[in-house]
Every structure is written in structure tokens, then in C-alpha cells.
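Enquirer: Following this line is coords24.pdb, made up of PDB, C-alpha atoms and all ligand atoms:
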```pdb
MODEL        1
ATOM      1  CA  MET A   1     -11.255  -4.309   2.280
ATOM      2  CA  THR A   2     -11.296  -6.898   5.025
ATOM      3  CA  ALA A   3     -14.777  -7.641   6.262
ATOM      4  CA  PRO A   4     -15.246  -8.748   9.857
ATOM      5  CA  GLY A   5     -17.555 -11.533   8.713
ATOM      6  CA  LEU A   6     -14.991 -13.151   6.492
ATOM      7  CA  GLN A   7     -12.181 -13.354   9.007
ATOM      8  CA  THR A   8     -12.058 -16.981   9.991
ATOM      9  CA  PRO A   9      -8.567 -17.712  11.308
ATOM     10  CA  GLY A  10      -8.562 -20.684  13.596
ATOM     11  CA  VAL A  11     -12.259 -21.421  13.015
ATOM     12  CA  HIS A  12     -12.854 -25.135  12.575
ATOM     13  CA  THR A  13     -14.923 -25.726   9.450
ATOM     14  CA  PRO A  14     -17.483 -28.477  10.143
ATOM     15  CA  SER A  15     -19.388 -30.306   7.433
ATOM     16  CA  TRP A  16     -22.674 -28.727   6.329
ATOM     17  CA  PRO A  17     -24.786 -31.361   8.135
ATOM     18  CA  GLU A  18     -22.778 -30.848  11.344
ATOM     19  CA  LEU A  19     -23.221 -27.124  11.037
ATOM     20  CA  ALA A  20     -26.935 -27.456  10.244
ATOM     21  CA  THR A  21     -27.433 -29.582  13.368
ATOM     22  CA  ALA A  22     -25.627 -27.046  15.523
ATOM     23  CA  ILE A  23     -27.540 -24.093  14.061
ATOM     24  CA  SER A  24     -30.859 -25.903  14.449
ATOM     25  CA  SER A  25     -30.376 -26.278  18.173
ATOM     26  CA  CYS A  26     -29.144 -22.724  18.757
ATOM     27  CA  THR A  27     -30.652 -20.983  21.796
ATOM     28  CA  ARG A  28     -28.633 -17.762  21.806
ATOM     29  CA  CYS A  29     -31.627 -15.414  21.326
ATOM     30  CA  PRO A  30     -34.341 -16.209  23.919
ATOM     31  CA  GLU A  31     -37.073 -14.131  22.202
ATOM     32  CA  LEU A  32     -36.497 -15.789  18.827
ATOM     33  CA  VAL A  33     -36.284 -19.245  20.390
ATOM     34  CA  ALA A  34     -39.654 -18.634  22.081
ATOM     35  CA  THR A  35     -41.418 -17.480  18.900
ATOM     36  CA  ARG A  36     -39.839 -19.492  16.076
ATOM     37  CA  GLN A  37     -41.405 -22.583  14.545
ATOM     38  CA  ARG A  38     -38.289 -23.671  12.703
ATOM     39  CA  VAL A  39     -34.691 -22.645  12.398
ATOM     40  CA  VAL A  40     -33.972 -21.816   8.759
ATOM     41  CA  VAL A  41     -30.391 -22.938   8.240
ATOM     42  CA  GLY A  42     -30.135 -22.170   4.514
ATOM     43  CA  GLN A  43     -29.286 -24.158   1.413
ATOM     44  CA  LEU A  44     -25.833 -25.192   0.321
ATOM     45  CA  ARG A  45     -25.507 -26.305  -3.304
ATOM     46  CA  GLN A  46     -22.326 -28.318  -3.630
ATOM     47  CA  GLN A  47     -21.287 -27.022  -7.041
ATOM     48  CA  SER A  48     -22.486 -23.470  -6.517
ATOM     49  CA  ARG A  49     -20.064 -20.564  -6.772
ATOM     50  CA  LEU A  50     -22.721 -18.036  -5.810
ATOM     51  CA  LEU A  51     -24.063 -17.418  -2.307
ATOM     52  CA  LEU A  52     -27.062 -15.168  -1.712
ATOM     53  CA  VAL A  53     -27.317 -13.697   1.780
ATOM     54  CA  GLY A  54     -30.707 -12.430   2.969
ATOM     55  CA  GLU A  55     -31.862 -10.889   6.237
ATOM     56  CA  ALA A  56     -33.939 -13.396   8.164
ATOM     57  CA  PRO A  57     -36.733 -15.919   7.599
ATOM     58  CA  GLY A  58     -40.264 -14.578   7.187
ATOM     59  CA  ALA A  59     -43.533 -16.290   8.101
ATOM     60  CA  GLN A  60     -43.488 -18.851   5.292
ATOM     61  CA  GLU A  61     -39.822 -19.684   5.721
ATOM     62  CA  ASP A  62     -40.449 -20.155   9.447
ATOM     63  CA  GLU A  63     -43.233 -22.582   8.590
ATOM     64  CA  VAL A  64     -41.398 -24.530   5.899
ATOM     65  CA  GLY A  65     -37.832 -24.344   7.210
ATOM     66  CA  GLU A  66     -36.310 -23.192   3.902
ATOM     67  CA  PRO A  67     -35.084 -19.738   2.860
ATOM     68  CA  PHE A  68     -36.925 -17.487   0.418
ATOM     69  CA  VAL A  69     -40.026 -19.600  -0.189
ATOM     70  CA  GLY A  70     -42.533 -16.731   0.203
ATOM     71  CA  ARG A  71     -43.448 -13.920  -2.191
ATOM     72  CA  GLY A  72     -39.967 -12.437  -1.961
ATOM     73  CA  GLY A  73     -38.534 -15.827  -2.864
ATOM     74  CA  GLN A  74     -40.788 -16.135  -5.901
ATOM     75  CA  LEU A  75     -39.657 -12.740  -7.142
ATOM     76  CA  LEU A  76     -36.055 -13.665  -6.420
ATOM     77  CA  ASP A  77     -36.436 -16.818  -8.531
ATOM     78  CA  GLU A  78     -37.893 -14.770 -11.371
ATOM     79  CA  LEU A  79     -35.094 -12.191 -11.269
ATOM     80  CA  LEU A  80     -32.443 -14.911 -11.010
ATOM     81  CA  GLU A  81     -33.907 -16.480 -14.158
ATOM     82  CA  GLY A  82     -33.730 -13.045 -15.798
ATOM     83  CA  ALA A  83     -30.011 -13.038 -15.031
ATOM     84  CA  GLY A  84     -29.582 -16.527 -16.492
ATOM     85  CA  LEU A  85     -29.316 -18.188 -13.075
ATOM     86  CA  HIS A  86     -31.476 -20.841 -11.512
ATOM     87  CA  ARG A  87     -32.190 -21.161  -7.812
ATOM     88  CA  SER A  88     -31.028 -24.785  -7.877
ATOM     89  CA  GLN A  89     -27.540 -23.526  -8.788
ATOM     90  CA  VAL A  90     -27.343 -21.042  -5.942
ATOM     91  CA  SER A  91     -26.539 -21.357  -2.232
ATOM     92  CA  VAL A  92     -28.688 -19.261   0.116
ATOM     93  CA  ALA A  93     -28.231 -18.188   3.725
ATOM     94  CA  ASN A  94     -29.580 -15.475   5.998
ATOM     95  CA  VAL A  95     -27.978 -13.185   8.558
ATOM     96  CA  LEU A  96     -30.480 -14.511  11.133
ATOM     97  CA  LYS A  97     -31.577 -18.131  11.099
ATOM     98  CA  CYS A  98     -34.738 -17.477  13.128
ATOM     99  CA  ARG A  99     -37.733 -15.311  12.253
ATOM    100  CA  PRO A 100     -37.955 -12.070  14.205
ATOM    101  CA  PRO A 101     -41.517 -11.657  15.567
ATOM    102  CA  ALA A 102     -43.779  -9.839  13.084
ATOM    103  CA  ASN A 103     -40.793  -9.662  10.722
ATOM    104  CA  ARG A 104     -39.253  -6.806  12.652
ATOM    105  CA  THR A 105     -35.714  -5.741  11.786
ATOM    106  CA  PRO A 106     -33.098  -7.926  13.482
ATOM    107  CA  LYS A 107     -31.654  -6.398  16.642
ATOM    108  CA  PRO A 108     -27.891  -5.775  16.707
ATOM    109  CA  ALA A 109     -27.528  -8.287  19.555
ATOM    110  CA  GLU A 110     -29.302 -10.949  17.463
ATOM    111  CA  VAL A 111     -27.052 -10.254  14.489
ATOM    112  CA  ALA A 112     -24.032 -10.564  16.776
ATOM    113  CA  ASN A 113     -25.349 -13.807  18.331
ATOM    114  CA  CYS A 114     -25.898 -15.311  14.880
ATOM    115  CA  ARG A 115     -22.702 -13.997  13.300
ATOM    116  CA  SER A 116     -20.535 -17.082  13.736
ATOM    117  CA  TRP A 117     -23.085 -19.274  11.919
ATOM    118  CA  LEU A 118     -22.911 -17.248   8.705
ATOM    119  CA  THR A 119     -19.134 -16.924   9.060
ATOM    120  CA  GLN A 120     -18.891 -20.716   9.119
ATOM    121  CA  GLN A 121     -21.349 -21.077   6.242
ATOM    122  CA  LEU A 122     -19.225 -18.720   4.149
ATOM    123  CA  ALA A 123     -16.097 -20.715   4.915
ATOM    124  CA  LEU A 124     -17.866 -23.939   3.999
ATOM    125  CA  ALA A 125     -19.625 -22.729   0.840
ATOM    126  CA  ASP A 126     -16.501 -20.840  -0.259
ATOM    127  CA  PRO A 127     -18.371 -18.945  -2.989
ATOM    128  CA  ALA A 128     -16.601 -16.967  -5.700
ATOM    129  CA  VAL A 129     -19.340 -14.331  -5.569
ATOM    130  CA  VAL A 130     -21.555 -13.288  -2.656
ATOM    131  CA  VAL A 131     -24.711 -11.216  -3.155
ATOM    132  CA  ALA A 132     -25.885  -9.337  -0.053
ATOM    133  CA  LEU A 133     -29.641  -8.757  -0.316
ATOM    134  CA  GLY A 134     -30.753  -5.632   1.521
ATOM    135  CA  ALA A 135     -29.415  -3.356   4.222
ATOM    136  CA  THR A 136     -29.061  -5.956   6.983
ATOM    137  CA  ALA A 137     -26.933  -8.289   4.848
ATOM    138  CA  THR A 138     -24.943  -5.346   3.478
ATOM    139  CA  GLY A 139     -24.342  -4.126   7.026
ATOM    140  CA  TRP A 140     -23.154  -7.583   8.027
ATOM    141  CA  PHE A 141     -20.320  -7.339   5.515
ATOM    142  CA  PHE A 142     -19.531  -3.615   5.548
ATOM    143  CA  GLY A 143     -20.520  -2.516   9.045
ATOM    144  CA  ARG A 144     -23.707  -0.984  10.435
ATOM    145  CA  GLY A 145     -23.163   2.509   9.035
ATOM    146  CA  SER A 146     -22.833   1.258   5.460
ATOM    147  CA  ARG A 147     -25.178   2.601   2.803
ATOM    148  CA  LEU A 148     -26.582   0.188   0.296
ATOM    149  CA  THR A 149     -27.368   2.951  -2.198
ATOM    150  CA  GLU A 150     -23.680   3.929  -2.275
ATOM    151  CA  LEU A 151     -22.342   0.381  -2.378
ATOM    152  CA  ARG A 152     -24.629  -1.263  -4.928
ATOM    153  CA  GLY A 153     -23.987  -1.484  -8.647
ATOM    154  CA  ARG A 154     -20.328  -2.512  -8.543
ATOM    155  CA  PRO A 155     -18.298  -5.427  -7.205
ATOM    156  CA  HIS A 156     -16.336  -5.118  -3.961
ATOM    157  CA  ASP A 157     -13.384  -7.191  -2.866
ATOM    158  CA  VAL A 158     -14.210  -8.444   0.596
ATOM    159  CA  ASP A 159     -11.379 -10.510   1.979
ATOM    160  CA  GLY A 160     -10.647 -12.174  -1.348
ATOM    161  CA  ARG A 161     -14.257 -12.692  -2.348
ATOM    162  CA  VAL A 162     -16.293 -10.706  -4.812
ATOM    163  CA  LEU A 163     -19.280  -9.126  -3.109
ATOM    164  CA  VAL A 164     -22.258  -7.444  -4.734
ATOM    165  CA  ALA A 165     -24.638  -5.524  -2.459
ATOM    166  CA  THR A 166     -28.157  -4.949  -3.695
ATOM    167  CA  TYR A 167     -31.786  -4.408  -2.754
ATOM    168  CA  HIS A 168     -33.775  -7.013  -0.885
ATOM    169  CA  PRO A 169     -36.623  -8.625  -2.880
ATOM    170  CA  SER A 170     -39.087  -7.262  -0.301
ATOM    171  CA  ALA A 171     -38.102  -3.705  -1.331
ATOM    172  CA  ALA A 172     -38.665  -4.680  -4.956
ATOM    173  CA  LEU A 173     -42.125  -5.971  -4.009
ATOM    174  CA  ARG A 174     -42.930  -2.874  -1.964
ATOM    175  CA  PHE A 175     -42.106  -0.457  -4.795
ATOM    176  CA  GLY A 176     -43.839  -2.570  -7.422
ATOM    177  CA  PRO A 177     -42.894  -3.986 -10.829
ATOM    178  CA  LYS A 178     -41.933  -0.594 -12.248
ATOM    179  CA  GLY A 179     -40.051   0.574  -9.158
ATOM    180  CA  GLU A 180     -36.328   1.273  -9.043
ATOM    181  CA  PRO A 181     -35.488  -1.411  -6.440
ATOM    182  CA  ARG A 182     -36.715  -4.158  -8.743
ATOM    183  CA  ARG A 183     -34.827  -2.776 -11.754
ATOM    184  CA  LEU A 184     -31.632  -2.353  -9.735
ATOM    185  CA  LEU A 185     -31.935  -5.774  -8.075
ATOM    186  CA  GLN A 186     -32.249  -7.310 -11.539
ATOM    187  CA  ALA A 187     -29.235  -5.326 -12.786
ATOM    188  CA  ASP A 188     -27.156  -6.373  -9.758
ATOM    189  CA  LEU A 189     -28.045 -10.056 -10.207
ATOM    190  CA  GLU A 190     -26.973  -9.721 -13.829
ATOM    191  CA  LEU A 191     -23.723  -8.185 -12.600
ATOM    192  CA  ALA A 192     -23.217 -11.158 -10.247
ATOM    193  CA  ALA A 193     -23.875 -13.580 -13.122
ATOM    194  CA  ALA A 194     -21.381 -11.735 -15.337
ATOM    195  CA  LEU A 195     -18.759 -11.838 -12.569
ATOM    196  CA  LEU A 196     -19.293 -15.576 -12.188
ATOM    197  CA  ALA A 197     -18.929 -16.081 -15.942
ATOM    198  CA  GLN A 198     -15.813 -13.907 -15.959
ATOM    199  CA  GLY A 199     -14.284 -15.986 -13.153
ATOM    200  CA  ARG A 200     -14.930 -19.110 -15.161
ATOM    201  CA  ALA A 201     -13.300 -17.597 -18.255
ATOM    202  CA  ASP A 202     -10.235 -16.577 -16.192
ATOM    203  CA  ALA A 203      -9.877 -19.949 -14.472
TER     204      ALA A 203
HETATM  205  N1  LIG A 301     -36.376 -12.673   3.572
HETATM  206  C1  LIG A 301     -35.082 -12.983   3.816
HETATM  207  O1  LIG A 301     -34.243 -12.118   3.976
HETATM  208  N2  LIG A 301     -34.768 -14.266   3.867
HETATM  209  C2  LIG A 301     -35.627 -15.244   3.685
HETATM  210  O2  LIG A 301     -35.235 -16.404   3.742
HETATM  211  C3  LIG A 301     -36.957 -14.895   3.419
HETATM  212  C4  LIG A 301     -37.324 -13.604   3.363
ENDMDL
END
```
Using C-alpha cells, write down the structure that the file contains.
Expert:
Amino acid sequence: MTAPGLQTPGVHTPSWPELATAISSCTRCPELVATRQRVVVGQLRQQSRLLLVGEAPGAQEDEVGEPFVGRGGQLLDELLEGAGLHRSQVSVANVLKCRPPANRTPKPAEVANCRSWLTQQLALADPAVVVALGATATGWFFGRGSRLTELRGRPHDVDGRVLVATYHPSAALRFGPKGEPRRLLQADLELAAALLAQGRADA
């Protein structure tokens, strides 16, 4: 399948610092510009072959300027460890770089405004495996009508990259430690880790 987000013909790939500077001064979404404290660009780990894609910064990320530093981030770290991965080995980006007020769901126009930033981040990070966390990130890759519950649990080929769609850590928090979202998020992170290891073995 060819995902709209991974089509980058003719797109100049800037360096990460150049891109971060451009993203940080973005003014495409007036409501988000008016309410944000910081633009949360994301984290690129030079040697990382895994990119996690979340939805948008929350309150703590907006304060600190880094992705997944709140409760969801702590759970994510724990589940990554459970899959044999460490956050320091993983690149992280969000569909939106600015916090939607009161953590509301991103509007389609905001996702469209922000689309080229994540497209460029993907080109730059060039990960072997992408994990889409939650419905917004899954929709970014597969289209708005896509259903996470149908897509999760197996790898997809998205324009030459391996993509794993899974639950967002906030769903895992909402349903609690014994809830299905947490169990399935852990299983999908383990799948991503196995796919990374497999890629290494094949290389
Ligand atoms: N939720 C996200 O999707 N991304 C973050 O960076 C934080 C919370």
C-alpha cells in the first residue's frame, strides 16, 4: 500500500535542526498558535531504526517542549522496556506539533496543516519500522476511515516501510493495568521489536 504521508517526491530533505527551526516557528493553525506554550518538534535519535508517531502534545509536553513526558510517556517507557527497547534508542514524533486546547482531538484541517512536517521527519529519520500510536496516527498513514482494531497486531508495508498500528498509551491508561489496550499495546511493541531484530538479521 502507498500511504499519502510517505510520498515525498521532490521534497527537499533539510537537516533535523533546520526542520526543527521551521516547525518551531509554524503559524499555520491560528487557534493552536494562540494557546500553545511550546511547539513540540519531536526527538530524532541518529542511530534509531524505530520511529514512534503519537497524536499531539498534552499539557506536560506543551510545558516542557518534548514528546511523551507525561503519564502516557511514563507508561510508554515502561512498555518499551517490556519489549526490550529503551526510549533513548527510539525516535518520536507527533501528528500535531502543538497542543490542541484541553487535549481535544486534532481537527482535520490541523492535521492537514501539519502534514508536511511529519512527512519531512519521516524522510529524515528514515526508520525501518514505524509504530503509529492511536487512531489519529493510524489515520494519518491509512486514511481517516481506517480502523485501528482491524489494522493492529500485524505489520503493514507502507511505501517500503514496515508500519505497526497500535493503541495510544492514553487508552492503556484509561482502561487500566488489566485492560486490553495495555496488553495489546505491549504485544504490538514486542512485534515492532521483533521486526527490527528480524531486519537486522536479514541485513
Ligand atoms: N500524547 C501524544 O500523542 N503525544 C505526546 O507527545 C504526548 C501525549
Enquirer: Any chance you could work out the residue set of the PyMOL selection byres (((chain A and resi 17) around 12) and not hetatm) here, as a list in words?
Expert: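 Matching residues under the PyMOL selection byres (((chain A and resi 17) around 12) and not hetatm) are Thr13, Pro14, Ser15, Trp16, Glu18, Leu19, Ala20, Thr21, Ala22, Ile23, Ser24, Val41, Gly42, Gln43, Leu44, Gln121 and Leu124 of chain A.
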Enquirer: Output, as lines of an AutoDock Vina configuration file, the centre and edge lengths in Å (one decimal) of the axis-aligned box that contains all listed atoms of segment 97-115 of chain A with 8 Å of margin on each side.
Expert:
```
center_x = -33.2
center_y = -11.9
center_z = 15.1
size_x = 37.1
size_y = 28.4
size_z = 24.8
```
Enquirer: Kindly work out which residues sit at most 12 Å from ligand LIG 301 (chain A), using all atoms listed in the file, and give the list as a CSV table (one decimal) with C-alpha atoms, keeping the file's coordinate frame.
Expert:
```
chain,number,residue,atom,x,y,z
A,38,ARG,CA,-38.3,-23.7,12.7
A,39,VAL,CA,-34.7,-22.6,12.4
A,40,VAL,CA,-34.0,-21.8,8.8
A,41,VAL,CA,-30.4,-22.9,8.2
A,42,GLY,CA,-30.1,-22.2,4.5
A,43,GLN,CA,-29.3,-24.2,1.4
A,52,LEU,CA,-27.1,-15.2,-1.7
A,53,VAL,CA,-27.3,-13.7,1.8
A,54,GLY,CA,-30.7,-12.4,3.0
A,55,GLU,CA,-31.9,-10.9,6.2
A,56,ALA,CA,-33.9,-13.4,8.2
A,57,PRO,CA,-36.7,-15.9,7.6
A,58,GLY,CA,-40.3,-14.6,7.2
A,59,ALA,CA,-43.5,-16.3,8.1
A,60,GLN,CA,-43.5,-18.9,5.3
A,61,GLU,CA,-39.8,-19.7,5.7
A,62,ASP,CA,-40.4,-20.2,9.4
A,63,GLU,CA,-43.2,-22.6,8.6
A,64,VAL,CA,-41.4,-24.5,5.9
A,65,GLY,CA,-37.8,-24.3,7.2
A,66,GLU,CA,-36.3,-23.2,3.9
A,67,PRO,CA,-35.1,-19.7,2.9
A,68,PHE,CA,-36.9,-17.5,0.4
A,69,VAL,CA,-40.0,-19.6,-0.2
A,70,GLY,CA,-42.5,-16.7,0.2
A,71,ARG,CA,-43.4,-13.9,-2.2
A,72,GLY,CA,-40.0,-12.4,-2.0
A,73,GLY,CA,-38.5,-15.8,-2.9
A,74,GLN,CA,-40.8,-16.1,-5.9
A,75,LEU,CA,-39.7,-12.7,-7.1
A,76,LEU,CA,-36.1,-13.7,-6.4
A,91,SER,CA,-26.5,-21.4,-2.2
A,92,VAL,CA,-28.7,-19.3,0.1
A,93,ALA,CA,-28.2,-18.2,3.7
A,94,ASN,CA,-29.6,-15.5,6.0
A,95,VAL,CA,-28.0,-13.2,8.6
A,96,LEU,CA,-30.5,-14.5,11.1
A,97,LYS,CA,-31.6,-18.1,11.1
A,98,CYS,CA,-34.7,-17.5,13.1
A,99,ARG,CA,-37.7,-15.3,12.3
A,100,PRO,CA,-38.0,-12.1,14.2
A,103,ASN,CA,-40.8,-9.7,10.7
A,104,ARG,CA,-39.3,-6.8,12.7
A,105,THR,CA,-35.7,-5.7,11.8
A,106,PRO,CA,-33.1,-7.9,13.5
A,131,VAL,CA,-24.7,-11.2,-3.2
A,132,ALA,CA,-25.9,-9.3,-0.1
A,133,LEU,CA,-29.6,-8.8,-0.3
A,134,GLY,CA,-30.8,-5.6,1.5
A,135,ALA,CA,-29.4,-3.4,4.2
A,136,THR,CA,-29.1,-6.0,7.0
A,137,ALA,CA,-26.9,-8.3,4.8
A,138,THR,CA,-24.9,-5.3,3.5
A,167,TYR,CA,-31.8,-4.4,-2.8
A,168,HIS,CA,-33.8,-7.0,-0.9
A,169,PRO,CA,-36.6,-8.6,-2.9
A,170,SER,CA,-39.1,-7.3,-0.3
A,171,ALA,CA,-38.1,-3.7,-1.3
A,172,ALA,CA,-38.7,-4.7,-5.0
A,173,LEU,CA,-42.1,-6.0,-4.0
```
Enquirer: Check the smallest atom-to-atom distance from each of A:Gly145, A:Glu150, A:Thr166, A:Ala128 to Arg183 of chain A using all atoms listed in the file, then report the winner.
Expert: A:Thr166
Enquirer: Could you list the residues chosen by the PyMOL selection byres (((chain A and resi 187-198) around 9) and not hetatm) in this structure as a VMD selection string?
Expert: chain A and resid 49 to 50 79 to 80 82 to 85 128 to 131 152 to 155 162 to 167 182 to 186 199 to 203
Enquirer: Between A:Asn113, A:Asp157, A:Ser48, A:Arg144, single out the one closest to Ser88 of chain A, counting all atoms listed in the file.
Expert: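 Closest residue, counting all atoms listed in the file: A:Ser48.
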Enquirer: Calculate how many Å separate atom CA of Trp117 of chain A from atom CA of Gly160 of chain A, rounding to one decimal.
Expert: 19.5 Å
Enquirer: Smallest atom-to-atom distance to Thr149 of chain A: which of A:Val90, A:Leu122, A:Ala112, A:Glu180, using only C-alpha atoms?
Expert: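 For Thr149 of chain A, the nearest of the candidates is A:Glu180.
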Enquirer: Have a look at atom CA of Val33 of chain A and atom CA of Leu118 of chain A and let me know their distance in Å, one decimal.
Expert: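 We find that atom CA of Val33 of chain A and atom CA of Leu118 of chain A lie 17.9 Å from each other.
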Enquirer: Go through A:Arg161, A:Pro177, A:His156, A:Leu32 and flag the residue nearest Ala102 of chain A, using all atoms listed in the file for the distances.
Expert: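 When distances to Ala102 of chain A are compared using all atoms listed in the file, the smallest one comes from A:Leu32.
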Enquirer: Just give me the gap between atom CA of Gly143 of chain A and atom CA of Leu51 of chain A in Å, one decimal is fine.
Expert: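 Separation between atom CA of Gly143 of chain A and atom CA of Leu51 of chain A: 19.1 Å.
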